file input38.txt (compact mmCIF, C-alpha atoms)
# COMPACT_ATOMS: atom_id res chain seq x y z
CA THR A 1 37.91 -95.16 -15.30
CA GLN A 2 35.06 -93.14 -16.67
CA ALA A 3 35.20 -91.27 -19.88
CA SER A 4 33.24 -88.07 -20.23
CA ALA A 5 32.45 -85.97 -23.22
CA PRO A 6 33.91 -82.50 -23.22
CA ALA A 7 31.40 -79.83 -22.15
CA ALA A 8 30.01 -77.73 -24.97
CA ALA A 9 31.60 -74.32 -25.10
CA THR A 10 29.17 -71.61 -24.12
CA THR A 11 29.50 -67.98 -24.97
CA LEU A 12 27.45 -65.43 -23.10
CA LEU A 13 26.43 -62.30 -24.93
CA SER A 14 25.21 -59.51 -22.68
CA LEU A 15 23.77 -56.27 -24.02
CA ASN A 16 21.45 -53.41 -23.23
CA ALA A 17 18.62 -51.97 -25.29
CA GLU A 18 16.10 -49.22 -24.87
CA GLY A 19 12.48 -49.17 -25.89
CA ARG A 20 10.09 -46.25 -26.05
CA SER A 21 6.39 -45.68 -26.15
CA PHE A 22 4.85 -42.41 -27.25
CA ARG A 23 1.45 -41.67 -25.83
CA LYS A 24 -0.32 -38.42 -25.15
CA PRO A 25 -0.38 -37.65 -21.40
CA ASP A 26 -3.78 -37.56 -19.76
CA LEU A 27 -2.80 -36.26 -16.34
CA ALA A 28 -1.04 -33.16 -14.98
CA VAL A 29 0.51 -33.48 -11.53
CA PHE A 30 1.48 -30.30 -9.72
CA SER A 31 1.87 -28.93 -6.22
CA ALA A 32 0.06 -25.94 -4.80
CA GLY A 33 0.27 -24.46 -1.38
CA VAL A 34 0.10 -21.61 1.01
CA THR A 35 2.80 -20.03 3.14
CA SER A 36 1.54 -17.94 6.06
CA GLN A 37 3.23 -16.06 8.86
CA GLY A 38 2.07 -15.07 12.36
CA LYS A 39 3.42 -13.81 15.67
CA THR A 40 2.89 -17.25 17.24
CA ALA A 41 2.91 -20.75 15.79
CA ALA A 42 -0.82 -21.04 16.55
CA ALA A 43 -1.61 -17.75 14.77
CA ALA A 44 0.43 -18.77 11.71
CA LEU A 45 -1.25 -22.19 11.62
CA ALA A 46 -4.73 -20.68 11.95
CA ALA A 47 -4.05 -18.23 9.09
CA ASN A 48 -2.66 -21.03 6.97
CA SER A 49 -5.61 -23.31 7.67
CA ALA A 50 -8.08 -20.61 6.62
CA ASP A 51 -6.16 -19.96 3.39
CA MET A 52 -5.76 -23.66 2.68
CA ASN A 53 -9.49 -24.28 3.20
CA ARG A 54 -10.19 -21.68 0.49
CA VAL A 55 -7.64 -23.33 -1.81
CA MET A 56 -9.18 -26.78 -1.24
CA ALA A 57 -12.68 -25.42 -1.91
CA ALA A 58 -11.43 -23.77 -5.11
CA LEU A 59 -9.89 -27.03 -6.31
CA LYS A 60 -13.12 -28.92 -5.67
CA ALA A 61 -15.17 -26.19 -7.38
CA ALA A 62 -12.81 -26.49 -10.38
CA GLY A 63 -13.72 -30.18 -10.67
CA ILE A 64 -10.75 -31.81 -8.93
CA ALA A 65 -11.90 -34.92 -7.03
CA ASP A 66 -11.00 -35.48 -3.37
CA CYS A 67 -8.96 -38.55 -4.31
CA ASP A 68 -6.77 -36.35 -6.56
CA ILE A 69 -5.80 -33.94 -3.76
CA GLN A 70 -3.23 -35.03 -1.19
CA THR A 71 -1.30 -33.14 1.47
CA SER A 72 2.36 -33.57 0.64
CA ASN A 73 4.05 -31.26 3.15
CA LEU A 74 3.22 -29.29 6.27
CA SER A 75 5.94 -27.40 8.12
CA ILE A 76 6.04 -24.88 10.95
CA ASN A 77 9.28 -22.95 11.36
CA PRO A 78 10.39 -20.03 13.50
CA VAL A 79 11.49 -16.82 11.82
CA TYR A 80 14.59 -15.36 13.47
CA ARG A 81 16.05 -11.88 13.68
CA GLN A 82 19.50 -11.16 15.05
CA GLN A 83 19.18 -9.05 18.19
CA VAL A 84 22.03 -7.15 19.76
CA VAL A 85 22.29 -7.53 23.51
CA ARG A 86 24.10 -4.66 25.25
CA LYS A 87 25.41 -4.46 28.77
CA ASP A 88 26.40 -1.13 30.29
CA GLY A 89 26.49 0.52 26.86
CA GLN A 90 28.88 -2.09 25.49
CA LEU A 91 28.07 -4.63 22.78
CA GLU A 92 27.75 -7.90 24.62
CA GLU A 93 26.64 -10.33 21.91
CA THR A 94 24.29 -10.87 18.99
CA VAL A 95 21.68 -13.55 19.56
CA PRO A 96 19.00 -14.93 17.27
CA THR A 97 15.50 -14.11 18.51
CA ILE A 98 12.24 -15.63 17.27
CA VAL A 99 10.07 -12.85 15.89
CA ALA A 100 7.39 -14.89 14.08
CA TYR A 101 6.46 -18.33 12.81
CA GLN A 102 5.98 -19.45 9.24
CA VAL A 103 3.69 -22.28 8.16
CA ASN A 104 3.99 -23.93 4.75
CA ASN A 105 1.28 -26.34 3.60
CA GLN A 106 1.60 -28.08 0.22
CA LEU A 107 -0.82 -30.24 -1.74
CA THR A 108 -0.11 -32.59 -4.61
CA VAL A 109 -2.87 -32.29 -7.19
CA ARG A 110 -3.66 -34.68 -10.03
CA GLN A 111 -5.60 -32.88 -12.75
CA ARG A 112 -7.33 -35.05 -15.31
CA LYS A 113 -8.85 -32.34 -17.53
CA LEU A 114 -5.67 -30.98 -19.09
CA ALA A 115 -7.51 -28.31 -21.07
CA ASP A 116 -8.55 -26.70 -17.76
CA TYR A 117 -5.04 -26.48 -16.32
CA GLY A 118 -4.62 -22.71 -16.81
CA LYS A 119 -8.08 -22.01 -15.43
CA VAL A 120 -7.38 -24.12 -12.34
CA LEU A 121 -4.11 -22.26 -11.69
CA ASP A 122 -5.90 -18.91 -11.92
CA THR A 123 -8.55 -20.19 -9.51
CA LEU A 124 -5.88 -21.37 -7.05
CA VAL A 125 -4.01 -18.09 -7.03
CA ASN A 126 -7.26 -16.14 -6.61
CA ALA A 127 -8.16 -18.41 -3.67
CA GLY A 128 -4.88 -17.64 -1.88
CA ALA A 129 -2.33 -20.18 -3.12
CA ASN A 130 1.02 -18.42 -3.13
CA GLN A 131 3.13 -21.40 -4.22
CA VAL A 132 2.49 -23.44 -7.35
CA ASN A 133 5.04 -25.84 -8.86
CA GLY A 134 4.80 -28.09 -11.89
CA PRO A 135 3.23 -29.63 -13.74
CA SER A 136 4.64 -32.95 -14.72
CA PHE A 137 2.57 -34.61 -17.43
CA GLU A 138 1.90 -38.31 -16.94
CA LEU A 139 -0.28 -41.21 -17.94
CA ASP A 140 -2.94 -42.15 -15.42
CA ASP A 141 -2.48 -45.82 -16.33
CA SER A 142 1.07 -46.29 -17.61
CA ASP A 143 1.10 -50.11 -17.71
CA GLY A 144 0.25 -50.34 -21.42
CA ALA A 145 2.90 -47.80 -22.39
CA LEU A 146 5.50 -49.52 -20.21
CA ASP A 147 4.69 -52.88 -21.81
CA GLU A 148 5.07 -51.33 -25.30
CA ALA A 149 8.46 -49.92 -24.33
CA ARG A 150 9.59 -53.22 -22.80
CA THR A 151 8.51 -55.17 -25.89
CA ALA A 152 10.36 -52.70 -28.13
CA ALA A 153 13.50 -53.00 -25.96
CA MET A 154 13.41 -56.80 -26.12
CA GLY A 155 13.00 -56.67 -29.92
CA THR A 156 15.99 -54.36 -30.22
CA ALA A 157 18.04 -56.55 -27.88
CA ARG A 158 17.18 -59.67 -29.89
CA GLN A 159 18.11 -57.99 -33.19
CA ARG A 160 21.44 -56.84 -31.77
CA ALA A 161 22.17 -60.27 -30.31
CA GLU A 162 21.56 -61.91 -33.69
CA LEU A 163 23.71 -59.29 -35.44
CA TYR A 164 26.61 -59.75 -33.00
CA ALA A 165 26.35 -63.54 -33.08
CA LYS A 166 26.35 -63.60 -36.87
CA ALA A 167 29.37 -61.26 -37.00
CA ALA A 168 31.19 -63.62 -34.59
CA GLY A 169 30.17 -66.75 -36.50
CA LEU A 170 27.93 -67.97 -33.68
CA LYS A 171 24.26 -68.83 -33.36
CA ILE A 172 21.75 -67.73 -30.75
CA LYS A 173 20.29 -70.63 -28.79
CA ARG A 174 18.03 -68.65 -26.47

call {"tool": "encode", "arguments": {"input": "input38.txt", "output": "structure tokens"}}
result
Amino acid sequence: TQASAPAAATTLLSLNAEGRSFRKPDLAVFSAGVTSQGKTAAAALAANSADMNRVMAALKAAGIADCDIQTSNLSINPVYRQQVVRKDGQLEETVPTIVAYQVNNQLTVRQRKLADYGKVLDTLVNAGANQVNGPSFELDDSDGALDEARTAAMGTARQRAELYAKAAGLKIKR
């Protein structure tokens, strides 16, 4: 027969902690776009392209780099109107009829000069942008801030683990 030593009792302590980093944002991300309408899809797209070219030129003139402008949505949709169809003076049915087409073109813009944000919005609207959403303020390079927050979270988790272990009469091994 073989004798074996009893296995050491192991207690697992599992907990969550949060860490934060506070840094001043250096980037505003917003969307800007143009919605146009025309009798045909081609006419609506042509009108939208002309307006969007002016918006793009305005962004570039305001100092936004090409790499900070990205198309995020382009849609072409029919516009319907309910039309009553009559037969021999009697109401036959109501059917949807396409009366126009609507084109929506959206850009995502990353603006690095935050002090110019208001001026850029004015420039966009004057150039024909009829949709502007945002901004969300971000860090261009968030790795350092994320590492600070992770380190703070681990410190908090370690402190809590030691507190709970001490209260339970245990010791932290790792």

call {"tool": "atom_distance", "arguments": {"input": "input38.txt", "atom1": "CA of Asn133 in chain A", "atom2": "CA of Pro25 in chain A"}}
result
18.1 Å

call {"tool": "closest_residue", "arguments": {"input": "input38.txt", "among": "A:Ala165, A:Leu107, A:Ala17, A:Leu45", "to": "Cys67 in chain A", "atoms": "only C-alpha atoms"}}
result
A:Leu107

call {"tool": "residues_around", "arguments": {"input": "input38.txt", "residues": "Leu146 in chain A", "least_positions_apart": "3", "cutoff": "12 Å", "atoms": "only C-alpha atoms", "output": "ChimeraX atom specification"}}
result
/A:18-23,139,141-143,149-153

call {"tool": "write_last_selection", "arguments": {"input": "input38.txt", "atoms": "C-alpha atoms", "output": "mmCIF file, in the coordinates of the input"}}
result
data_model
loop_
_atom_site.group_PDB
_atom_site.id
_atom_site.type_symbol
_atom_site.label_atom_id
_atom_site.label_comp_id
_atom_site.auth_asym_id
_atom_site.auth_seq_id
_atom_site.Cartn_x
_atom_site.Cartn_y
_atom_site.Cartn_z
ATOM 1 C CA GLU A 18 16.100 -49.220 -24.870
ATOM 2 C CA GLY A 19 12.480 -49.170 -25.890
ATOM 3 C CA ARG A 20 10.090 -46.250 -26.050
ATOM 4 C CA SER A 21 6.390 -45.680 -26.150
ATOM 5 C CA PHE A 22 4.850 -42.410 -27.250
ATOM 6 C CA ARG A 23 1.450 -41.670 -25.830
ATOM 7 C CA LEU A 139 -0.280 -41.210 -17.940
ATOM 8 C CA ASP A 141 -2.480 -45.820 -16.330
ATOM 9 C CA SER A 142 1.070 -46.290 -17.610
ATOM 10 C CA ASP A 143 1.100 -50.110 -17.710
ATOM 11 C CA ALA A 149 8.460 -49.920 -24.330
ATOM 12 C CA ARG A 150 9.590 -53.220 -22.800
ATOM 13 C CA THR A 151 8.510 -55.170 -25.890
ATOM 14 C CA ALA A 152 10.360 -52.700 -28.130
ATOM 15 C CA ALA A 153 13.500 -53.000 -25.960
#

call {"tool": "closest_residue", "arguments": {"input": "input38.txt", "among": "A:Ala168, A:Ala42, A:Ile64, A:Ala145", "to": "Asp116 in chain A", "atoms": "only C-alpha atoms"}}
result
A:Ile64

call {"tool": "atom_distance", "arguments": {"input": "input38.txt", "atom1": "CA of Gly144 in chain A", "atom2": "CA of Lys24 in chain A"}}
result
12.5 Å

call {"tool": "atom_distance", "arguments": {"input": "input38.txt", "atom1": "CA of Thr35 in chain A", "atom2": "CA of Ser72 in chain A"}}
result
13.8 Å

call {"tool": "residues_around", "arguments": {"input": "input38.txt", "residues": "range 27-32 of chain A", "least_positions_apart": "2", "cutoff": "9 Å", "atoms": "all atoms listed in the file", "output": "list in words"}}
result
Pro25, Val34, Val55, Ser72, Asn105, Gln106, Leu107, Thr108, Val109, Arg110, Gln111, Arg112, Lys113, Leu114, Tyr117, Leu121, Leu124, Ala129, Asn130, Gln131, Val132, Asn133, Gly134, Pro135, Ser136, Phe137, Glu138, Leu139 and Asp140 of chain A

call {"tool": "decode", "arguments": {"input": "input38.txt", "residues": "range 85-99 of chain A", "atoms": "all heavy atoms", "output": "PDB file, in the first residue's frame"}}
result
ATOM      1  N   VAL A  85     -56.098  54.217 -56.641  1.00  0.00           N
ATOM      2  CA  VAL A  85     -56.423  53.715 -57.976  1.00  0.00           C
ATOM      3  C   VAL A  85     -57.937  53.519 -58.022  1.00  0.00           C
ATOM      4  O   VAL A  85     -58.510  52.814 -57.194  1.00  0.00           O
ATOM      5  CB  VAL A  85     -55.683  52.378 -58.253  1.00  0.00           C
ATOM      6  CG1 VAL A  85     -56.096  51.820 -59.605  1.00  0.00           C
ATOM      7  CG2 VAL A  85     -54.192  52.579 -58.161  1.00  0.00           C
ATOM      8  N   ARG A  86     -58.575  54.172 -59.013  1.00  0.00           N
ATOM      9  CA  ARG A  86     -60.034  54.072 -59.147  1.00  0.00           C
ATOM     10  C   ARG A  86     -60.380  53.336 -60.436  1.00  0.00           C
ATOM     11  O   ARG A  86     -59.673  53.422 -61.421  1.00  0.00           O
ATOM     12  CB  ARG A  86     -60.663  55.454 -59.164  1.00  0.00           C
ATOM     13  CG  ARG A  86     -60.462  56.215 -57.877  1.00  0.00           C
ATOM     14  CD  ARG A  86     -61.173  57.552 -57.927  1.00  0.00           C
ATOM     15  NE  ARG A  86     -60.909  58.324 -56.745  1.00  0.00           N
ATOM     16  CZ  ARG A  86     -61.595  58.256 -55.618  1.00  0.00           C
ATOM     17  NH1 ARG A  86     -62.599  57.419 -55.515  1.00  0.00           N
ATOM     18  NH2 ARG A  86     -61.277  58.998 -54.589  1.00  0.00           N
ATOM     19  N   LYS A  87     -61.494  52.642 -60.367  1.00  0.00           N
ATOM     20  CA  LYS A  87     -61.985  51.929 -61.545  1.00  0.00           C
ATOM     21  C   LYS A  87     -63.480  52.214 -61.663  1.00  0.00           C
ATOM     22  O   LYS A  87     -64.234  51.943 -60.739  1.00  0.00           O
ATOM     23  CB  LYS A  87     -61.717  50.436 -61.408  1.00  0.00           C
ATOM     24  CG  LYS A  87     -62.055  49.653 -62.653  1.00  0.00           C
ATOM     25  CD  LYS A  87     -61.605  48.219 -62.502  1.00  0.00           C
ATOM     26  CE  LYS A  87     -61.883  47.509 -63.817  1.00  0.00           C
ATOM     27  NZ  LYS A  87     -61.469  46.126 -63.760  1.00  0.00           N
ATOM     28  N   ASP A  88     -63.850  52.802 -62.755  1.00  0.00           N
ATOM     29  CA  ASP A  88     -65.257  53.136 -63.008  1.00  0.00           C
ATOM     30  C   ASP A  88     -65.849  53.993 -61.894  1.00  0.00           C
ATOM     31  O   ASP A  88     -66.958  53.760 -61.423  1.00  0.00           O
ATOM     32  CB  ASP A  88     -66.102  51.859 -63.193  1.00  0.00           C
ATOM     33  CG  ASP A  88     -65.666  51.041 -64.392  1.00  0.00           C
ATOM     34  OD1 ASP A  88     -65.208  51.662 -65.394  1.00  0.00           O
ATOM     35  OD2 ASP A  88     -65.757  49.804 -64.322  1.00  0.00           O
ATOM     36  N   GLY A  89     -65.052  54.967 -61.409  1.00  0.00           N
ATOM     37  CA  GLY A  89     -65.545  55.870 -60.376  1.00  0.00           C
ATOM     38  C   GLY A  89     -65.559  55.283 -58.985  1.00  0.00           C
ATOM     39  O   GLY A  89     -65.924  55.946 -58.025  1.00  0.00           O
ATOM     40  N   GLN A  90     -65.192  54.053 -58.836  1.00  0.00           N
ATOM     41  CA  GLN A  90     -65.177  53.394 -57.530  1.00  0.00           C
ATOM     42  C   GLN A  90     -63.739  53.268 -57.034  1.00  0.00           C
ATOM     43  O   GLN A  90     -62.820  53.085 -57.829  1.00  0.00           O
ATOM     44  CB  GLN A  90     -65.790  51.981 -57.635  1.00  0.00           C
ATOM     45  CG  GLN A  90     -67.219  51.951 -58.073  1.00  0.00           C
ATOM     46  CD  GLN A  90     -68.128  52.593 -57.036  1.00  0.00           C
ATOM     47  OE1 GLN A  90     -67.950  52.415 -55.837  1.00  0.00           O
ATOM     48  NE2 GLN A  90     -69.109  53.359 -57.502  1.00  0.00           N
ATOM     49  N   LEU A  91     -63.572  53.378 -55.718  1.00  0.00           N
ATOM     50  CA  LEU A  91     -62.246  53.204 -55.117  1.00  0.00           C
ATOM     51  C   LEU A  91     -61.864  51.740 -55.260  1.00  0.00           C
ATOM     52  O   LEU A  91     -62.550  50.854 -54.766  1.00  0.00           O
ATOM     53  CB  LEU A  91     -62.255  53.610 -53.640  1.00  0.00           C
ATOM     54  CG  LEU A  91     -60.969  53.381 -52.868  1.00  0.00           C
ATOM     55  CD1 LEU A  91     -59.834  54.225 -53.453  1.00  0.00           C
ATOM     56  CD2 LEU A  91     -61.143  53.719 -51.404  1.00  0.00           C
ATOM     57  N   GLU A  92     -60.774  51.515 -55.965  1.00  0.00           N
ATOM     58  CA  GLU A  92     -60.331  50.147 -56.196  1.00  0.00           C
ATOM     59  C   GLU A  92     -59.349  49.739 -55.096  1.00  0.00           C
ATOM     60  O   GLU A  92     -59.571  48.783 -54.391  1.00  0.00           O
ATOM     61  CB  GLU A  92     -59.695  50.032 -57.580  1.00  0.00           C
ATOM     62  CG  GLU A  92     -59.265  48.649 -57.996  1.00  0.00           C
ATOM     63  CD  GLU A  92     -60.446  47.747 -58.336  1.00  0.00           C
ATOM     64  OE1 GLU A  92     -61.530  48.244 -58.668  1.00  0.00           O
ATOM     65  OE2 GLU A  92     -60.273  46.532 -58.225  1.00  0.00           O
ATOM     66  N   GLU A  93     -58.253  50.506 -54.977  1.00  0.00           N
ATOM     67  CA  GLU A  93     -57.262  50.198 -53.949  1.00  0.00           C
ATOM     68  C   GLU A  93     -56.292  51.373 -53.803  1.00  0.00           C
ATOM     69  O   GLU A  93     -56.228  52.253 -54.657  1.00  0.00           O
ATOM     70  CB  GLU A  93     -56.492  48.925 -54.300  1.00  0.00           C
ATOM     71  CG  GLU A  93     -55.670  49.028 -55.570  1.00  0.00           C
ATOM     72  CD  GLU A  93     -54.927  47.739 -55.895  1.00  0.00           C
ATOM     73  OE1 GLU A  93     -54.318  47.172 -54.981  1.00  0.00           O
ATOM     74  OE2 GLU A  93     -54.988  47.324 -57.054  1.00  0.00           O
ATOM     75  N   THR A  94     -55.549  51.364 -52.723  1.00  0.00           N
ATOM     76  CA  THR A  94     -54.500  52.348 -52.494  1.00  0.00           C
ATOM     77  C   THR A  94     -53.178  51.616 -52.625  1.00  0.00           C
ATOM     78  O   THR A  94     -52.952  50.612 -51.947  1.00  0.00           O
ATOM     79  CB  THR A  94     -54.617  52.964 -51.082  1.00  0.00           C
ATOM     80  OG1 THR A  94     -55.908  53.528 -50.949  1.00  0.00           O
ATOM     81  CG2 THR A  94     -53.577  54.024 -50.854  1.00  0.00           C
ATOM     82  N   VAL A  95     -52.316  52.130 -53.492  1.00  0.00           N
ATOM     83  CA  VAL A  95     -51.029  51.471 -53.719  1.00  0.00           C
ATOM     84  C   VAL A  95     -49.896  52.471 -53.511  1.00  0.00           C
ATOM     85  O   VAL A  95     -50.025  53.644 -53.843  1.00  0.00           O
ATOM     86  CB  VAL A  95     -50.933  50.867 -55.141  1.00  0.00           C
ATOM     87  CG1 VAL A  95     -51.946  49.765 -55.327  1.00  0.00           C
ATOM     88  CG2 VAL A  95     -51.107  51.923 -56.198  1.00  0.00           C
ATOM     89  N   PRO A  96     -48.790  51.999 -52.953  1.00  0.00           N
ATOM     90  CA  PRO A  96     -47.637  52.892 -52.807  1.00  0.00           C
ATOM     91  C   PRO A  96     -46.985  53.108 -54.173  1.00  0.00           C
ATOM     92  O   PRO A  96     -46.818  52.164 -54.943  1.00  0.00           O
ATOM     93  CB  PRO A  96     -46.709  52.142 -51.858  1.00  0.00           C
ATOM     94  CG  PRO A  96     -47.112  50.718 -51.951  1.00  0.00           C
ATOM     95  CD  PRO A  96     -48.549  50.697 -52.354  1.00  0.00           C
ATOM     96  N   THR A  97     -46.646  54.354 -54.458  1.00  0.00           N
ATOM     97  CA  THR A  97     -46.009  54.704 -55.724  1.00  0.00           C
ATOM     98  C   THR A  97     -44.727  55.464 -55.430  1.00  0.00           C
ATOM     99  O   THR A  97     -44.711  56.360 -54.574  1.00  0.00           O
ATOM    100  CB  THR A  97     -46.953  55.604 -56.558  1.00  0.00           C
ATOM    101  OG1 THR A  97     -48.191  54.909 -56.736  1.00  0.00           O
ATOM    102  CG2 THR A  97     -46.360  55.928 -57.910  1.00  0.00           C
ATOM    103  N   ILE A  98     -43.665  55.120 -56.130  1.00  0.00           N
ATOM    104  CA  ILE A  98     -42.392  55.833 -55.956  1.00  0.00           C
ATOM    105  C   ILE A  98     -42.517  57.189 -56.630  1.00  0.00           C
ATOM    106  O   ILE A  98     -42.852  57.279 -57.817  1.00  0.00           O
ATOM    107  CB  ILE A  98     -41.222  55.026 -56.562  1.00  0.00           C
ATOM    108  CG1 ILE A  98     -41.054  53.706 -55.814  1.00  0.00           C
ATOM    109  CG2 ILE A  98     -39.938  55.850 -56.534  1.00  0.00           C
ATOM    110  CD1 ILE A  98     -40.021  52.778 -56.424  1.00  0.00           C
ATOM    111  N   VAL A  99     -42.254  58.238 -55.860  1.00  0.00           N
ATOM    112  CA  VAL A  99     -42.334  59.600 -56.394  1.00  0.00           C
ATOM    113  C   VAL A  99     -40.967  60.279 -56.457  1.00  0.00           C
ATOM    114  O   VAL A  99     -40.821  61.306 -57.113  1.00  0.00           O
ATOM    115  CB  VAL A  99     -43.318  60.466 -55.584  1.00  0.00           C
ATOM    116  CG1 VAL A  99     -44.740  59.928 -55.741  1.00  0.00           C
ATOM    117  CG2 VAL A  99     -42.914  60.543 -54.124  1.00  0.00           C
TER     118      VAL A  99
END
